[in-house]
Each structure stands twice: as C-alpha cells, then as structure tokens.
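Trainee: Pasting in a structure now, in structure tokens, and then I'll have a few things to ask.
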Amino acid sequence: MLMMRDRPSDIGLRPFGDEGTQPLPLPAPNNAPIMAAALGALRDAARTRAFWILFGTFFICGASTNGLVQVHLIPMCLDFGIPQVMAASLLAAMGIFDFVGTILSGWLSDRYDNRYLLFWYYGLRGLSLLLLPFTDFSFYGLSLFAMFYGLDWIATVPPTVRLTAQRFGPERANLVFGWIFTGHQLGAAMAAFGAGLSRTLLSSYLPAFFAAGVLCIVASVIVLAISRQPKPVTA
C-alpha cells in the first residue's frame, strides 16, 4: 500500500489504452476535503439527465439482485419445498456464472456501446425474473434460471462505470459512481423490505419477483435515453 499511487500520471505514465492524444491530468490536491469533493461532484452531476438515469437504473439493479434474490431466494425456495442446502447451492451456482458474466461484460464494455449492453442486460434479467415462477421450481428449471440470471448478476456494473467515466470525466468518475452506487443500495434496501412485506401480507414472494422483473424492463428502456455523445461535466 505504501508503494501504490492514485493514478498513472503520478509516476509519469499514461492510463492503459491512452495513445497519447490527451494531456496528462493534473493530480488532485492532497489537501482537498473529501466531503467537499464528494458533495461538489454530486452537485454538478445532479444537474445532468445522465446521472439520474444511471442512478435510477442502478437503483433497479440493486432491487433486482442484492435486495431480492440474495436475501429472499432461499426462503422462497423453502416455500416451494426445496431444501435449504439445495437452495443455497443454487445461489452458489449463480455466483460461479456471475464470475464469468462479469468478466465477459467488462470485455464487451470496451468494444460496444454501453447503453445497448445495459439495454440487453436489464431486459434479459427482467425476463428471467418474470419467467422464474413458470419454472415450476423443478431442478432443471431452477438450474437454467441460476445459469441465465447468474451471468447477468453484476454484468451491469462495467457498462455503468464506463458510462459514468465518459459522462463525468475520469477524475470525478469514482466520486460520481459512489453516488450512483448509493442508488443501488437504496434499491436493495427497498426490495429487501418490500419482498418481506409481500411474504408477510400475501404469503408469497412472487409479487415482489414480478415487480422486480417489470422494473428491469423499465430500466432497459430508459437507459437508451442517455445521449450517444458523452458530455463530461466540469467543475
């Protein structure tokens, strides 16, 4: 940690992939208050439509992953007579496919329009959640869902990070993405509570899964409203 630096320019290098067409960015002053920088980034980013689209879609991302599947999939499987160990194995299988899907998503994000990648990721995730109840919760149906959904679990992160860097500049991308990730966690909290409320009041998790599926379809559409040409926000 003592030998690490914040950016390549600190040791006179260009970022990986930079062909030398852009001047090296100036390092941020070490005495800049972190809270002031974070709030300043939020103030400037909040003036743009791209920020609110990314915030909203990542809110849906959290609502359809951490807050819903990660928290409530195992209890829902118990409702359908699936043993705990088998349900936990299903979640573990999703993690394995997630590893593959996230790496592949990073590769695709460097080569294709990230807006269209998010369109497909959210759309396919929404369809998988909507079709889950129709698998009859059989071994083969759930295995197919685990593979399909797992590939898509964190695949939305690389395109979202790249869009953030394109729209708000590499020097503020980490701060702006921190606020966008706040939306992710708020969505996860809402889904964790909402799905539990659905199970308590309606004796079923399925309405929450249907709602998450519909939200993902909405996210796949609104992400296309981000402008094609990036317009970085400056302080």
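Identifiers for the structure tokens are assigned positionally: chains receive A, B, ... in sequence, residues are indexed from 1 per chain, and ligands are indexed from 1 in the order shown.
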Excluding region 129-135 of chain A and residues on its chain fewer than 3 positions from it, collect all residues at most 12 Å away from it, counting only C-alpha atoms, and give them as a PyMOL selection string.
Mentor: chain A and resi 63-65+68-69+73+76-77+80+122-126+138-146+148-150+152-153+204-217
Trainee: What are the DSSP helix (DSSP H, G or I) residues of region 173-232 of chain A, as a ChimeraX atom specification?
Mentor: /A:173-202,206-225
Trainee: Might you pull out every residue within 12 Å of Thr160 (chain A), with only C-alpha atoms counted and same-chain residues fewer than 2 positions away left off, and present them as number ranges by chain?
Mentor: A: 50-51, 53-59, 61, 105-106, 109-110, 113-119, 121-122, 154-158, 162-168, 173-174, 176-178, 180-181, 184, 223, 226
Trainee: For each of A:Asp6, A:Asp79, A:Gly12, A:Arg43, take the minimum atom-to-atom distance to Arg199 (chain A), counting only C-alpha atoms, then give the residue where this is smallest.
Mentor: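 Distance minimum relative to Arg199 (chain A) lands on A:Asp79.
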Trainee: Which polymer residues have any atom within 7 Å of an atom of region 34-42 of chain A, counting only C-alpha atoms, with same-chain residues fewer than 4 positions away left out, as a list in words?
Mentor: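 Selected residues are Ala46, Arg172, Leu175, Val176 and Trp179 of chain A.
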Trainee: Check the smallest atom-to-atom distance from each of A:Leu13, A:Leu78, A:Met1, A:Ile60 to Ala191 (chain A) using only C-alpha atoms, then report the winner.
Mentor: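 Among the listed residues, the smallest separation from Ala191 (chain A) belongs to A:Ile60.
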Trainee: Expressed in Å to a single decimal, how great is the separation between CA of Arg49 (chain A) and CA of Ala225 (chain A)?
Mentor: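 Interatomic distance, CA of Arg49 (chain A) to CA of Ala225 (chain A): 8.7 Å.
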